[in-house]
Amino acid sequence: MSSPEIELRKLARNLLERKVVDLVIGYEDSEAGVRPCFIKEPGEVEKLVWNPDCRLSLVRYLRGFKEKKVGIVAKGCDGRAIVELIKENQLDRKNIFIIAVECNGVYKPVKYGSSKTRRQMAEYCEKCEVRVSPIKDYLIKSDEKALEEKIPKGDVEDLDWLSLFRKCLRCMACVRSCPFCYCTECSIEGFKPALVHRLVDPVELFTFHLIRAIHMAGRCVECGACESSCPVEIPLTRLYHELNEWFRENYGYVPGLNLEQAPPPLVFKEGEKP
Amino acid sequence: MRMFSITEESLKVFLRELSLKHVLIAPFERDGYFEFDVLKNPDVINLNYTNTRLSPKRFFLPQRQLVFKHYPRKGFTEEPKEYSSFVLFGIRPCDASALSVLDNILLSPPYKDASYENRRKNAIVISLSCTKPMAECFCNVFETGPIRGMGEDLTFTPTRSGFIVEARTPRGVSVIEEFGKLFRKADGEMLEEYSRLISKVLDEMNRRLKVDKTRLIRIEKEAGEEFFQLNAQRCIECSLCSFACPLCYCFETEDCLEKDSYVRFRGWDTCISPLFTRMASGLDPRVTKADRLCHRFCHKLSRIPLAFNAYGCVGCGRCVSLCPAGIDIREVLKKWG
């Protein structure tokens, strides 16, 4: 057992015993792989783990516990997502205890029937510059780094996006795993008006992904939750990264870095061109 | 005698001739995982796969299909008629068994699923046995594999000296007869290896997970809140488990308006979605995530067995591996099995 794990368990036990938080959201190990767990009793803290398989962002679960005080295990990207959601009035900083864990990248998942069995670092982690959450209540240092093989950074133009989107099953795993998709009724699932038909059609799928990409521009923190849950491995963060770069160039805004800087779509400046 | 053998070279010839005479659907590798598609060139078939990422159910139950097209001005309705026949080669026994369960459900009178019946009637299903099951697999629980499934016309099993071919249906026998010169009668030594292989792989899987499936029926009555509530916290309500499942057959319909016609489509739906049971009035019999999750497992492990004498799960392990939140049906099996 690694030392960050020991520290994490000790901290979680302490927080729960002193009733600083009502529950701790972290990762546990299971036969199906590392998965989210919700610790309510101090006796359960031994379940908590920390390793490069802790990839699914836990921030999306925070919206289910709005009234409670929640401790959350957060990587750099997860912390950025929390910052951005606080700015969007979705979370209350008072109710969240951020257990920041230093992250050195996560593994790309090896899914059902993969022909590659070697573990690779996820592409979005290669591009990541924020290893530690920008806001934190406690920092756990970690040098967990079991990354054997790095993959080269890909460009958004390298891919044939139309054929990638054609593979999409519209299973909504990207939407549902995303920290930022908090709308109670998704525009692409609505019936009145039905912007996108419920049943799959290649053109509709393209519309669906474009709507999503535009909604993510300048907000996406590239945590890779969408990409790692996708069953057909569409490299969505590569697309959102490109949009974020465009946002940075035009508005000088990088999402989730500090609580003070307001997101450009929320600010109106006189003389600003649309 | 329904046991035959074929050498690896002859198998290649068999596949080539098959692709000339029929529409051949077989697994091949793309972007790091395997999938089924219609193949013109049988050389790209790659048989070194554990299983395909997504189940082959879409060839029988497409994700979106036309139900009818109605032209109000002209006053007639168009329905899709006959579907082209195809050969599905290299499907794993678990997925083939899923087809036989679907036959039980969708083809039992009085309400037969016409489009499924049409596609199923015209398809030849050839399975390839699993000799190295994956960590996620548990087909031994439902006796749907790993060497022989249910639902297939021919079963190919790799051995040291070529493949053993078992004809499981009259249609399978007719395929063997069609390509008679490529197949030989299996000799005693091969048959012995075949039965040894069945017990060897099954033993290996039984060591991993052994469940009495007949006890699973009580899940309906005993399903406590706690287990499902715990997993519902995790569930992110995507449709991945149902879409990847070779056996989930629930569908929804959608009516579209086109220039001069009304079109009705039908396509996959999932009981995990909050929209699945929400009615027009706003009433929803399954409001919480735990209700929906409980329904999914109860339907598969208790209601389908009671109604159709088959299990709603074949143990392919896709939902276990693909679930972003790590919800594991094997935990349900261990708890109630």
# chains A, B, ... in the order shown; residues from 1 in each chain; ligands from 1

call {"tool": "interface_residues", "arguments": {"of": "chain A", "to": "chain B", "cutoff": "7 Å", "atoms": "only C-alpha atoms", "output": "PDB file with C-alpha atoms, in the first residue's frame"}}
result
ATOM      1  CA  ALA A  32     -14.744  -4.619 -12.120  1.00  0.00           C
ATOM      2  CA  GLY A  33     -11.850  -2.202 -11.654  1.00  0.00           C
ATOM      3  CA  ARG A  35     -14.763   2.667  -9.155  1.00  0.00           C
ATOM      4  CA  PRO A  36     -16.331   5.497  -7.182  1.00  0.00           C
ATOM      5  CA  LYS A 111     -11.792  -2.271 -22.071  1.00  0.00           C
ATOM      6  CA  TYR A 112     -13.662  -5.340 -23.185  1.00  0.00           C
ATOM      7  CA  GLY A 113     -11.855  -7.242 -25.912  1.00  0.00           C
ATOM      8  CA  SER A 114      -9.056  -4.706 -26.409  1.00  0.00           C
ATOM      9  CA  SER A 115      -6.357  -5.973 -28.685  1.00  0.00           C
ATOM     10  CA  LYS A 116      -3.824  -3.868 -26.791  1.00  0.00           C
ATOM     11  CA  CYS A 171     -25.310   5.981 -25.157  1.00  0.00           C
ATOM     12  CA  MET A 172     -24.927   9.350 -23.402  1.00  0.00           C
ATOM     13  CA  ALA A 173     -21.994   8.106 -21.308  1.00  0.00           C
ATOM     14  CA  ARG A 176     -23.650  11.615 -17.983  1.00  0.00           C
ATOM     15  CA  SER A 177     -20.056  11.323 -16.804  1.00  0.00           C
ATOM     16  CA  LEU A 199     -32.920   7.532 -32.621  1.00  0.00           C
ATOM     17  CA  VAL A 200     -29.533   7.375 -34.183  1.00  0.00           C
ATOM     18  CA  SER A 229     -16.308   6.176 -20.622  1.00  0.00           C
ATOM     19  CA  PRO A 231     -17.384   2.511 -25.558  1.00  0.00           C
TER      20      PRO A 231
END

call {"tool": "residues_around", "arguments": {"residues": "region 290-294 of chain B", "least_positions_apart": "6", "cutoff": "6 Å", "atoms": "only C-alpha atoms", "output": "list in words"}}
result
Phe228, Gln229, Ala232 and Ile272 of chain B

call {"tool": "residues_around", "arguments": {"residues": "Glu8 (chain B)", "least_positions_apart": "3", "cutoff": "7 Å", "atoms": "only C-alpha atoms", "output": "list in words"}}
result
Leu11, Lys12 and Gly162 of chain B

call {"tool": "write_last_selection", "arguments": {"atoms": "C-alpha atoms", "output": "JSON list (two decimals), in the first residue's frame"}}
result
[["chain", "number", "residue", "atom", "x", "y", "z"],
["B", 11, "LEU", "CA", -10.87, -22.56, -43.20],
["B", 12, "LYS", "CA", -9.37, -19.71, -45.18],
["B", 162, "GLY", "CA", -7.23, -27.55, -36.98]]

call {"tool": "residues_around", "arguments": {"residues": "Val221 (chain A)", "least_positions_apart": "4", "cutoff": "10 Å", "atoms": "only C-alpha atoms", "output": "ChimeraX atom specification"}}
result
/A:76-82,84,128,130,179-180,216-217,237,240-241,244,254-257

call {"tool": "write_last_selection", "arguments": {"atoms": "N, CA and C atoms", "output": "mmCIF file, in the first residue's frame"}}
result
data_model
loop_
_atom_site.group_PDB
_atom_site.id
_atom_site.type_symbol
_atom_site.label_atom_id
_atom_site.label_comp_id
_atom_site.auth_asym_id
_atom_site.auth_seq_id
_atom_site.Cartn_x
_atom_site.Cartn_y
_atom_site.Cartn_z
ATOM 1 N N GLY A 76 -6.042 17.193 -10.214
ATOM 2 C CA GLY A 76 -5.918 18.577 -10.681
ATOM 3 C C GLY A 76 -7.114 19.012 -11.493
ATOM 4 N N CYS A 77 -7.502 18.155 -12.463
ATOM 5 C CA CYS A 77 -8.613 18.513 -13.349
ATOM 6 C C CYS A 77 -9.931 18.576 -12.581
ATOM 7 N N ASP A 78 -10.094 17.685 -11.601
ATOM 8 C CA ASP A 78 -11.339 17.685 -10.825
ATOM 9 C C ASP A 78 -11.466 18.977 -10.035
ATOM 10 N N GLY A 79 -10.332 19.440 -9.484
ATOM 11 C CA GLY A 79 -10.333 20.701 -8.754
ATOM 12 C C GLY A 79 -10.718 21.852 -9.654
ATOM 13 N N ARG A 80 -10.210 21.834 -10.881
ATOM 14 C CA ARG A 80 -10.564 22.883 -11.841
ATOM 15 C C ARG A 80 -12.057 22.843 -12.148
ATOM 16 N N ALA A 81 -12.589 21.637 -12.268
ATOM 17 C CA ALA A 81 -14.025 21.509 -12.543
ATOM 18 C C ALA A 81 -14.838 22.103 -11.399
ATOM 19 N N ILE A 82 -14.381 21.869 -10.149
ATOM 20 C CA ILE A 82 -15.104 22.407 -8.990
ATOM 21 C C ILE A 82 -15.078 23.937 -9.021
ATOM 22 N N GLU A 84 -14.822 25.887 -11.600
ATOM 23 C CA GLU A 84 -15.695 26.358 -12.676
ATOM 24 C C GLU A 84 -17.169 26.223 -12.274
ATOM 25 N N CYS A 128 -1.943 17.838 -19.905
ATOM 26 C CA CYS A 128 -2.329 18.498 -18.656
ATOM 27 C C CYS A 128 -1.156 19.262 -18.049
ATOM 28 N N VAL A 130 -1.899 21.086 -15.034
ATOM 29 C CA VAL A 130 -2.317 21.324 -13.650
ATOM 30 C C VAL A 130 -2.389 19.971 -12.929
ATOM 31 N N PRO A 179 -18.642 16.453 -15.592
ATOM 32 C CA PRO A 179 -18.971 17.307 -14.448
ATOM 33 C C PRO A 179 -19.822 18.508 -14.856
ATOM 34 N N PHE A 180 -19.727 18.929 -16.126
ATOM 35 C CA PHE A 180 -20.394 20.158 -16.547
ATOM 36 C C PHE A 180 -21.783 19.931 -17.115
ATOM 37 N N MET A 216 -19.120 22.965 -24.416
ATOM 38 C CA MET A 216 -17.935 22.686 -23.606
ATOM 39 C C MET A 216 -16.834 23.731 -23.803
ATOM 40 N N ALA A 217 -16.912 24.502 -24.874
ATOM 41 C CA ALA A 217 -15.835 25.445 -25.174
ATOM 42 C C ALA A 217 -15.657 26.434 -24.036
ATOM 43 N N THR A 237 -11.807 14.582 -25.897
ATOM 44 C CA THR A 237 -11.065 15.675 -25.255
ATOM 45 C C THR A 237 -10.142 16.373 -26.250
ATOM 46 N N TYR A 240 -12.321 19.052 -27.594
ATOM 47 C CA TYR A 240 -12.589 20.105 -26.622
ATOM 48 C C TYR A 240 -11.312 20.891 -26.307
ATOM 49 N N HIS A 241 -10.158 20.219 -26.362
ATOM 50 C CA HIS A 241 -8.887 20.896 -26.139
ATOM 51 C C HIS A 241 -8.670 21.972 -27.204
ATOM 52 N N ASN A 244 -10.810 24.869 -26.462
ATOM 53 C CA ASN A 244 -10.266 25.598 -25.321
ATOM 54 C C ASN A 244 -9.093 26.484 -25.737
ATOM 55 N N VAL A 254 -8.562 30.588 -19.306
ATOM 56 C CA VAL A 254 -8.380 29.157 -19.149
ATOM 57 C C VAL A 254 -9.321 28.709 -18.034
ATOM 58 N N PRO A 255 -10.216 27.762 -18.304
ATOM 59 C CA PRO A 255 -11.214 27.411 -17.291
ATOM 60 C C PRO A 255 -10.616 26.795 -16.034
ATOM 61 N N GLY A 256 -11.178 27.189 -14.906
ATOM 62 C CA GLY A 256 -10.898 26.507 -13.653
ATOM 63 C C GLY A 256 -9.596 26.829 -12.963
ATOM 64 N N LEU A 257 -8.923 27.906 -13.333
ATOM 65 C CA LEU A 257 -7.647 28.164 -12.680
ATOM 66 C C LEU A 257 -7.786 29.020 -11.422
#

call {"tool": "closest_residue", "arguments": {"among": "A:Asp92, A:Glu222, A:Asp155, A:Glu272", "to": "Lys66 (chain A)", "atoms": "only C-alpha atoms"}}
result
A:Asp92

call {"tool": "residues_around", "arguments": {"residues": "Glu41 (chain A)", "least_positions_apart": "6", "cutoff": "9 Å", "atoms": "only C-alpha atoms", "output": "ChimeraX atom specification"}}
result
/A:13,16-17,22-23

call {"tool": "residues_around", "arguments": {"residues": "Phe183 (chain B)", "least_positions_apart": "2", "cutoff": "10 Å", "atoms": "only C-alpha atoms", "output": "PyMOL selection string"}}
result
chain B and resi 3-7+10-11+14+163-165+176-177+179-181+185-186

call {"tool": "write_last_selection", "arguments": {"atoms": "N, CA and C atoms", "output": "short mmCIF file (atom, residue, chain, number, x, y, z; two decimals), in the first residue's frame"}}
result
data_model
loop_
_atom_site.label_atom_id
_atom_site.label_comp_id
_atom_site.auth_asym_id
_atom_site.auth_seq_id
_atom_site.Cartn_x
_atom_site.Cartn_y
_atom_site.Cartn_z
N MET B 3 -20.14 -34.38 -36.28
CA MET B 3 -18.87 -33.75 -35.94
C MET B 3 -17.94 -33.83 -37.14
N PHE B 4 -17.39 -32.69 -37.51
CA PHE B 4 -16.49 -32.62 -38.65
C PHE B 4 -15.21 -31.92 -38.23
N SER B 5 -14.25 -31.91 -39.14
CA SER B 5 -13.04 -31.15 -38.85
C SER B 5 -12.61 -30.40 -40.11
N ILE B 6 -11.86 -29.34 -39.88
CA ILE B 6 -11.38 -28.54 -41.01
C ILE B 6 -9.99 -28.01 -40.63
N THR B 7 -9.07 -28.02 -41.59
CA THR B 7 -7.73 -27.51 -41.28
C THR B 7 -7.74 -25.98 -41.40
N SER B 10 -7.88 -24.84 -45.00
CA SER B 10 -9.21 -25.01 -45.59
C SER B 10 -10.19 -23.99 -45.05
N LEU B 11 -9.98 -23.56 -43.79
CA LEU B 11 -10.87 -22.56 -43.20
C LEU B 11 -10.79 -21.26 -43.99
N PHE B 14 -12.63 -21.76 -47.06
CA PHE B 14 -14.06 -21.76 -46.70
C PHE B 14 -14.60 -20.34 -46.58
N PHE B 163 -9.59 -27.15 -36.79
CA PHE B 163 -10.82 -26.83 -36.06
C PHE B 163 -11.77 -28.02 -36.07
N ILE B 164 -12.46 -28.20 -34.93
CA ILE B 164 -13.55 -29.17 -34.89
C ILE B 164 -14.83 -28.43 -35.20
N VAL B 165 -15.63 -28.99 -36.07
CA VAL B 165 -16.86 -28.31 -36.46
C VAL B 165 -18.04 -29.17 -36.04
N ILE B 176 -22.39 -27.47 -44.34
CA ILE B 176 -21.31 -28.46 -44.46
C ILE B 176 -21.42 -29.18 -45.80
N GLU B 177 -22.66 -29.52 -46.16
CA GLU B 177 -22.86 -30.24 -47.43
C GLU B 177 -22.49 -29.36 -48.62
N PHE B 179 -20.23 -27.06 -48.77
CA PHE B 179 -18.77 -26.97 -48.93
C PHE B 179 -18.13 -28.30 -48.55
N GLY B 180 -18.79 -29.38 -48.96
CA GLY B 180 -18.41 -30.72 -48.52
C GLY B 180 -16.94 -31.07 -48.63
N LYS B 181 -16.30 -30.63 -49.70
CA LYS B 181 -14.93 -31.10 -49.92
C LYS B 181 -13.93 -30.52 -48.91
N LYS B 185 -14.70 -35.91 -41.76
CA LYS B 185 -15.28 -36.42 -40.52
C LYS B 185 -14.23 -36.31 -39.41
N ALA B 186 -14.65 -35.88 -38.23
CA ALA B 186 -13.70 -35.74 -37.12
C ALA B 186 -13.31 -37.13 -36.63
#

call {"tool": "residues_around", "arguments": {"residues": "Pro52 (chain A)", "least_positions_apart": "5", "cutoff": "7 Å", "atoms": "only C-alpha atoms", "output": "MDAnalysis selection string"}}
result
chainID A and resid 105:107

call {"tool": "atom_distance", "arguments": {"atom1": "CA of Ile99 (chain A)", "atom2": "CA of Tyr182 (chain A)"}}
result
22.3 Å

call {"tool": "atom_distance", "arguments": {"atom1": "CA of Ser133 (chain A)", "atom2": "CA of Val34 (chain A)"}}
result
21.0 Å

call {"tool": "atom_distance", "arguments": {"atom1": "CA of Lys108 (chain A)", "atom2": "CA of Asn51 (chain A)"}}
result
12.7 Å

call {"tool": "select_by_dssp", "arguments": {"residues": "region 20-211 of chain A", "states": "strand (DSSP E or B)", "output": "ChimeraX atom specification"}}
result
/A:23-28,35-39,48-49,70-74,96-101,107,114,120-121,138-140,149

call {"tool": "closest_residue", "arguments": {"among": "B:Lys81, B:His70, B:Lys213, B:Arg58", "to": "Ala310 (chain B)", "atoms": "only C-alpha atoms"}}
result
B:Lys213
